[in-house]
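**Student:** Here you go, this is start_11.pdb (PDB, C-alpha atoms).
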```
ATOM      1  CA  MET A   1     -78.216 -46.891 -18.486
ATOM      2  CA  ALA A   2     -75.277 -45.702 -20.583
ATOM      3  CA  ARG A   3     -71.885 -46.131 -19.092
ATOM      4  CA  ALA A   4     -69.716 -42.989 -18.951
ATOM      5  CA  GLU A   5     -66.417 -43.297 -20.762
ATOM      6  CA  PRO A   6     -63.306 -42.487 -18.801
ATOM      7  CA  PRO A   7     -61.670 -39.204 -19.743
ATOM      8  CA  ALA A   8     -59.105 -39.435 -22.479
ATOM      9  CA  ALA A   9     -55.557 -39.587 -21.205
ATOM     10  CA  THR A  10     -53.574 -36.492 -21.871
ATOM     11  CA  PHE A  11     -49.858 -36.583 -22.411
ATOM     12  CA  GLU A  12     -47.437 -33.747 -22.173
ATOM     13  CA  ARG A  13     -44.000 -33.989 -23.654
ATOM     14  CA  ARG A  14     -41.289 -32.215 -21.712
ATOM     15  CA  VAL A  15     -37.816 -31.901 -23.073
ATOM     16  CA  LEU A  16     -35.201 -30.669 -20.657
ATOM     17  CA  ARG A  17     -32.135 -29.285 -22.298
ATOM     18  CA  SER A  18     -29.011 -28.820 -20.320
ATOM     19  CA  ALA A  19     -27.324 -25.457 -20.450
ATOM     20  CA  ALA A  20     -23.986 -27.231 -20.309
ATOM     21  CA  GLU A  21     -21.581 -26.578 -23.148
ATOM     22  CA  HIS A  22     -20.031 -30.050 -22.895
ATOM     23  CA  HIS A  23     -20.967 -33.491 -21.659
ATOM     24  CA  TYR A  24     -18.500 -35.960 -20.187
ATOM     25  CA  LEU A  25     -18.891 -39.687 -20.764
ATOM     26  CA  ARG A  26     -17.163 -42.386 -18.775
ATOM     27  CA  VAL A  27     -16.872 -45.367 -21.112
ATOM     28  CA  ARG A  28     -15.252 -48.775 -21.148
ATOM     29  CA  LEU A  29     -14.260 -50.810 -24.183
ATOM     30  CA  GLU A  30     -14.920 -54.509 -23.767
ATOM     31  CA  LEU A  31     -12.827 -56.963 -25.774
ATOM     32  CA  PRO A  32     -14.034 -60.460 -24.882
ATOM     33  CA  ASP A  33     -11.132 -62.354 -26.461
ATOM     34  CA  GLY A  34      -8.522 -60.349 -24.566
ATOM     35  CA  GLY A  35      -6.305 -59.558 -27.546
ATOM     36  CA  ALA A  36      -4.152 -56.509 -28.158
ATOM     37  CA  ARG A  37      -5.302 -53.420 -26.303
ATOM     38  CA  PRO A  38      -5.537 -50.118 -28.163
ATOM     39  CA  SER A  39      -3.218 -47.268 -27.281
ATOM     40  CA  VAL A  40      -4.695 -43.848 -26.569
ATOM     41  CA  ALA A  41      -4.287 -42.814 -30.224
ATOM     42  CA  GLN A  42      -5.929 -46.024 -31.433
ATOM     43  CA  PHE A  43      -8.733 -45.528 -28.905
ATOM     44  CA  LYS A  44      -9.385 -42.015 -30.208
ATOM     45  CA  GLN A  45      -9.316 -43.329 -33.788
ATOM     46  CA  LEU A  46     -11.803 -46.038 -32.819
ATOM     47  CA  VAL A  47     -14.193 -43.401 -31.460
ATOM     48  CA  VAL A  48     -13.849 -41.313 -34.631
ATOM     49  CA  SER A  49     -14.340 -44.356 -36.868
ATOM     50  CA  ALA A  50     -17.481 -45.302 -34.905
ATOM     51  CA  LEU A  51     -18.844 -41.804 -35.508
ATOM     52  CA  ARG A  52     -17.903 -41.974 -39.202
ATOM     53  CA  GLU A  53     -19.501 -45.405 -39.639
ATOM     54  CA  LEU A  54     -22.863 -44.338 -38.223
ATOM     55  CA  HIS A  55     -23.056 -40.622 -39.047
ATOM     56  CA  GLY A  56     -20.679 -40.197 -42.000
ATOM     57  CA  GLU A  57     -18.210 -37.354 -42.322
ATOM     58  CA  VAL A  58     -20.442 -35.054 -40.281
ATOM     59  CA  GLY A  59     -20.148 -37.456 -37.355
ATOM     60  CA  ALA A  60     -16.403 -37.853 -37.819
ATOM     61  CA  ALA A  61     -16.020 -34.069 -37.619
ATOM     62  CA  LEU A  62     -17.674 -33.964 -34.196
ATOM     63  CA  PRO A  63     -15.176 -32.597 -31.656
ATOM     64  CA  VAL A  64     -14.563 -35.385 -29.151
ATOM     65  CA  ASP A  65     -11.686 -35.276 -26.686
ATOM     66  CA  VAL A  66     -10.226 -38.231 -24.820
ATOM     67  CA  LEU A  67      -9.439 -36.570 -21.504
ATOM     68  CA  ILE A  68      -8.321 -39.634 -19.594
ATOM     69  CA  TYR A  69      -7.545 -43.118 -20.856
ATOM     70  CA  GLU A  70      -6.482 -46.062 -18.764
ATOM     71  CA  GLU A  71      -5.063 -48.765 -21.009
ATOM     72  CA  LYS A  72      -5.170 -51.455 -18.332
ATOM     73  CA  THR A  73      -8.964 -51.312 -17.941
ATOM     74  CA  LEU A  74      -9.739 -49.786 -21.362
ATOM     75  CA  SER A  75     -11.675 -47.044 -19.574
ATOM     76  CA  ALA A  76     -11.813 -43.447 -20.696
ATOM     77  CA  ILE A  77     -13.470 -40.136 -20.031
ATOM     78  CA  LEU A  78     -14.616 -38.436 -23.212
ATOM     79  CA  ARG A  79     -15.704 -34.817 -23.646
ATOM     80  CA  VAL A  80     -18.144 -33.876 -26.387
ATOM     81  CA  ILE A  81     -20.143 -30.758 -27.137
ATOM     82  CA  SER A  82     -23.655 -31.166 -25.794
ATOM     83  CA  SER A  83     -25.249 -31.037 -29.232
ATOM     84  CA  GLY A  84     -23.205 -34.107 -30.230
ATOM     85  CA  LEU A  85     -23.940 -36.234 -27.160
ATOM     86  CA  VAL A  86     -26.621 -38.389 -28.795
ATOM     87  CA  LYS A  87     -24.524 -38.953 -31.921
ATOM     88  CA  LEU A  88     -21.499 -40.022 -29.902
ATOM     89  CA  TRP A  89     -23.494 -42.233 -27.552
ATOM     90  CA  SER A  90     -25.317 -43.975 -30.404
ATOM     91  CA  ALA A  91     -22.117 -44.488 -32.417
ATOM     92  CA  LEU A  92     -20.316 -46.036 -29.457
ATOM     93  CA  THR A  93     -23.276 -48.247 -28.595
ATOM     94  CA  LEU A  94     -23.595 -49.627 -32.125
ATOM     95  CA  LEU A  95     -19.899 -50.267 -32.697
ATOM     96  CA  GLY A  96     -19.331 -54.021 -32.837
ATOM     97  CA  PHE A  97     -15.801 -54.676 -34.083
ATOM     98  CA  TYR A  98     -12.238 -53.543 -33.380
ATOM     99  CA  GLN A  99      -9.536 -54.964 -35.675
ATOM    100  CA  ASN A 100     -11.932 -57.676 -36.923
ATOM    101  CA  ARG A 101     -12.692 -58.788 -33.357
ATOM    102  CA  ARG A 102     -15.945 -58.437 -31.472
ATOM    103  CA  CYS A 103     -16.066 -55.505 -29.070
ATOM    104  CA  ALA A 104     -18.557 -53.368 -27.219
ATOM    105  CA  PHE A 105     -18.474 -49.918 -25.692
ATOM    106  CA  ARG A 106     -20.231 -49.544 -22.372
ATOM    107  CA  VAL A 107     -21.290 -46.038 -21.412
ATOM    108  CA  LEU A 108     -20.930 -46.128 -17.649
ATOM    109  CA  GLN A 109     -21.788 -42.557 -16.750
ATOM    110  CA  VAL A 110     -22.740 -39.286 -18.415
ATOM    111  CA  LYS A 111     -22.330 -35.927 -16.744
ATOM    112  CA  PRO A 112     -23.281 -32.509 -18.070
ATOM    113  CA  CYS A 113     -20.906 -29.863 -16.955
ATOM    114  CA  GLY A 114     -19.961 -26.482 -18.272
ATOM    115  CA  GLY A 115     -21.558 -23.386 -19.623
ATOM    116  CA  TRP A 116     -19.535 -21.470 -17.045
ATOM    117  CA  MET A 117     -16.860 -20.137 -19.338
ATOM    118  CA  ALA A 118     -17.814 -16.468 -19.056
ATOM    119  CA  SER A 119     -15.526 -15.596 -16.151
ATOM    120  CA  PRO A 120     -12.246 -16.944 -14.750
ATOM    121  CA  LYS A 121     -14.042 -17.887 -11.529
ATOM    122  CA  ARG A 122     -16.577 -19.868 -13.499
ATOM    123  CA  GLN A 123     -13.856 -21.451 -15.610
ATOM    124  CA  PHE A 124     -12.287 -22.645 -12.376
ATOM    125  CA  LEU A 125     -15.649 -24.159 -11.383
ATOM    126  CA  LEU A 126     -15.782 -26.043 -14.686
ATOM    127  CA  GLN A 127     -12.302 -27.425 -14.181
ATOM    128  CA  GLY A 128     -13.213 -28.266 -10.590
ATOM    129  CA  CYS A 129     -16.310 -30.141 -11.761
ATOM    130  CA  LEU A 130     -14.272 -32.380 -14.040
ATOM    131  CA  ALA A 131     -11.432 -32.718 -11.550
ATOM    132  CA  SER A 132     -13.721 -33.772  -8.722
ATOM    133  CA  TRP A 133     -15.446 -36.290 -10.976
ATOM    134  CA  VAL A 134     -12.133 -37.761 -12.093
ATOM    135  CA  LEU A 135     -10.883 -37.962  -8.523
ATOM    136  CA  CYS A 136     -14.069 -39.723  -7.451
ATOM    137  CA  LEU A 137     -13.586 -42.269 -10.229
ATOM    138  CA  PHE A 138      -9.920 -43.026  -9.592
ATOM    139  CA  ILE A 139      -9.315 -42.160  -5.937
ATOM    140  CA  GLU A 140      -9.531 -45.771  -4.779
ATOM    141  CA  ARG A 141      -7.150 -47.025  -7.458
ATOM    142  CA  TRP A 142      -4.874 -44.000  -7.823
ATOM    143  CA  PRO A 143      -1.683 -45.765  -6.601
ATOM    144  CA  LYS A 144      -2.327 -48.572  -9.100
ATOM    145  CA  CYS A 145      -2.971 -46.229 -12.055
ATOM    146  CA  LYS A 146       0.536 -45.650 -13.348
ATOM    147  CA  ASN A 147      -0.455 -45.705 -17.019
ATOM    148  CA  VAL A 148      -3.213 -43.094 -16.949
ATOM    149  CA  LEU A 149      -2.815 -40.848 -19.962
ATOM    150  CA  VAL A 150      -4.369 -37.440 -20.421
ATOM    151  CA  TRP A 151      -4.948 -36.379 -23.994
ATOM    152  CA  VAL A 152      -6.935 -33.368 -25.191
TER     153      VAL A 152
END
```
What does this structure look like when you write it as structure tokens?
**Tutor:**
Amino acid sequence: MARAEPPAATFERRVLRSAAEHHYLRVRLELPDGGARPSVAQFKQLVVSALRELHGEVGAALPVDVLIYEEKTLSAILRVISSGLVKLWSALTLLGFYQNRRCAFRVLQVKPCGGWMASPKRQFLLQGCLASWVLCLFIERWPKCKNVLVWV
């Protein structure tokens, strides 16, 4: 008696695209040898050079903003247009050196937010989204964070 073959597996690919205009990344730069720490301008330049190294001039032209940078912990919140999220994430992940020293970027959290810019009320919601996220991140350490810099 012939054995019946199981039905072929069917796969369906679903791609969910966020309607958000921007994505926010919480990242940390890890320098294992504990040398000189980059300033906010050097941190931004490091992000741009990572994009340039992996994606060329097109990557370097990607609009990335360093919204918050804490020099003590080398943590930052970056804002990037949603279409550039994968390029930024991949460039940061593959970066291996800062000033001829080993380093690594850790992407700790990614949050889509935005697309609400049509009205002032919605713009307030966008700002509230980022503000609440930032407060959640730093609320426990706020008294200790004297060197938090905001740069857009």
**Student:** Could you check the closest approach to Ile81 in chain A for each of A:Val64, A:Ala41, A:Val48, A:Cys103 and tell me which residue wins, using only C-alpha atoms?
**Tutor:**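 The closest residue to Ile81 in chain A is A:Val64.
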**Student:** Taking all atoms listed in the file into account, which of A:Ala76, A:Ile68, A:Leu92, A:Ala61 comes nearest Leu46 in chain A?
**Tutor:**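 Comparing A:Ala76, A:Ile68, A:Leu92, A:Ala61 against Leu46 in chain A, the winner is A:Leu92.
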**Student:** Find the distance between CA of Trp89 in chain A and CA of Glu70 in chain A and write it in Å to one decimal.
**Tutor:**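 Atom-to-atom, CA of Trp89 in chain A and CA of Glu70 in chain A are spaced 19.5 Å apart.
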**Student:** So how many Å separate CA of Thr10 in chain A and CA of Val86 in chain A, to one decimal?
**Tutor:**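 Rounded to one decimal, the two atoms are 27.9 Å apart.
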**Student:** For the structure shown, which residues end up in the PyMOL selection byres ((chain A and resi 50) around 12)? Put them as a PyMOL selection string, please?
**Tutor:** chain A and resi 43-49+51-62+64+87-98+103-105
**Student:** Translate the PyMOL selection byres ((chain A and resi 21-31) around 8), as applied to the file shown, into an explicit residue set as a PyMOL selection string.
**Tutor:** chain A and resi 19-20+32-35+73-82+85+101-115
**Student:** Could you check how far CA of Asn100 in chain A sits from CA of Val66 in chain A, in Å to one decimal?
**Tutor:**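 Taking CA of Asn100 in chain A and CA of Val66 in chain A, their separation equals 23.0 Å.
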**Student:** Looking at all atoms listed in the file, which of A:Val40, A:Glu12, A:Gly84, A:Gln99 is the one that sits closest to Leu67 in chain A?
**Tutor:** A:Val40
**Student:** For range 83-113 of chain A, supply N, CA and C atoms and report the output as a tab-separated table (two decimals), keeping the file's coordinate frame.
**Tutor:**
```tsv
chain	number	residue	atom	x	y	z
A	83	SER	N	-24.42	-30.75	-28.06
A	83	SER	CA	-25.25	-31.04	-29.23
A	83	SER	C	-24.85	-32.34	-29.91
A	84	GLY	N	-23.67	-32.87	-29.62
A	84	GLY	CA	-23.20	-34.11	-30.23
A	84	GLY	C	-23.29	-35.32	-29.32
A	85	LEU	N	-23.88	-35.15	-28.13
A	85	LEU	CA	-23.94	-36.23	-27.16
A	85	LEU	C	-24.67	-37.46	-27.72
A	86	VAL	N	-25.82	-37.26	-28.31
A	86	VAL	CA	-26.62	-38.39	-28.80
A	86	VAL	C	-25.90	-39.10	-29.94
A	87	LYS	N	-25.27	-38.33	-30.81
A	87	LYS	CA	-24.52	-38.95	-31.92
A	87	LYS	C	-23.37	-39.80	-31.40
A	88	LEU	N	-22.62	-39.27	-30.45
A	88	LEU	CA	-21.50	-40.02	-29.90
A	88	LEU	C	-21.98	-41.27	-29.17
A	89	TRP	N	-22.98	-41.12	-28.34
A	89	TRP	CA	-23.49	-42.23	-27.55
A	89	TRP	C	-24.01	-43.34	-28.47
A	90	SER	N	-24.77	-42.96	-29.49
A	90	SER	CA	-25.32	-43.98	-30.40
A	90	SER	C	-24.21	-44.65	-31.20
A	91	ALA	N	-23.21	-43.90	-31.64
A	91	ALA	CA	-22.12	-44.49	-32.42
A	91	ALA	C	-21.32	-45.48	-31.57
A	92	LEU	N	-21.05	-45.13	-30.33
A	92	LEU	CA	-20.32	-46.04	-29.46
A	92	LEU	C	-21.14	-47.29	-29.15
A	93	THR	N	-22.41	-47.11	-28.93
A	93	THR	CA	-23.28	-48.25	-28.60
A	93	THR	C	-23.37	-49.24	-29.75
A	94	LEU	N	-23.40	-48.75	-30.97
A	94	LEU	CA	-23.60	-49.63	-32.12
A	94	LEU	C	-22.30	-50.17	-32.71
A	95	LEU	N	-21.16	-49.73	-32.20
A	95	LEU	CA	-19.90	-50.27	-32.70
A	95	LEU	C	-19.77	-51.72	-32.25
A	96	GLY	N	-19.38	-52.61	-33.17
A	96	GLY	CA	-19.33	-54.02	-32.84
A	96	GLY	C	-18.00	-54.70	-33.06
A	97	PHE	N	-17.07	-54.02	-33.78
A	97	PHE	CA	-15.80	-54.68	-34.08
A	97	PHE	C	-14.63	-53.72	-33.92
A	98	TYR	N	-13.51	-54.26	-33.43
A	98	TYR	CA	-12.24	-53.54	-33.38
A	98	TYR	C	-11.18	-54.51	-33.91
A	99	GLN	N	-10.53	-54.14	-34.99
A	99	GLN	CA	-9.54	-54.96	-35.67
A	99	GLN	C	-10.07	-56.38	-35.95
A	100	ASN	N	-11.25	-56.43	-36.55
A	100	ASN	CA	-11.93	-57.68	-36.92
A	100	ASN	C	-12.22	-58.59	-35.74
A	101	ARG	N	-12.31	-58.04	-34.55
A	101	ARG	CA	-12.69	-58.79	-33.36
A	101	ARG	C	-13.92	-58.15	-32.75
A	102	ARG	N	-14.75	-58.96	-32.13
A	102	ARG	CA	-15.94	-58.44	-31.47
A	102	ARG	C	-15.53	-57.48	-30.34
A	103	CYS	N	-16.30	-56.44	-30.17
A	103	CYS	CA	-16.07	-55.50	-29.07
A	103	CYS	C	-17.37	-54.82	-28.73
A	104	ALA	N	-17.38	-54.14	-27.62
A	104	ALA	CA	-18.56	-53.37	-27.22
A	104	ALA	C	-18.10	-52.22	-26.34
A	105	PHE	N	-18.68	-51.05	-26.57
A	105	PHE	CA	-18.47	-49.92	-25.69
A	105	PHE	C	-19.59	-49.91	-24.67
A	106	ARG	N	-19.24	-49.71	-23.44
A	106	ARG	CA	-20.23	-49.54	-22.37
A	106	ARG	C	-20.14	-48.11	-21.89
A	107	VAL	N	-21.24	-47.39	-21.95
A	107	VAL	CA	-21.29	-46.04	-21.41
A	107	VAL	C	-21.68	-46.18	-19.95
A	108	LEU	N	-20.75	-45.90	-19.07
A	108	LEU	CA	-20.93	-46.13	-17.65
A	108	LEU	C	-21.58	-44.95	-16.94
A	109	GLN	N	-21.27	-43.74	-17.41
A	109	GLN	CA	-21.79	-42.56	-16.75
A	109	GLN	C	-21.72	-41.38	-17.71
A	110	VAL	N	-22.71	-40.51	-17.62
A	110	VAL	CA	-22.74	-39.29	-18.42
A	110	VAL	C	-22.98	-38.13	-17.46
A	111	LYS	N	-22.21	-37.07	-17.65
A	111	LYS	CA	-22.33	-35.93	-16.74
A	111	LYS	C	-22.30	-34.64	-17.55
A	112	PRO	N	-23.35	-33.83	-17.46
A	112	PRO	CA	-23.28	-32.51	-18.07
A	112	PRO	C	-22.49	-31.59	-17.16
A	113	CYS	N	-21.69	-30.78	-17.75
A	113	CYS	CA	-20.91	-29.86	-16.95
A	113	CYS	C	-20.44	-28.76	-17.88
```
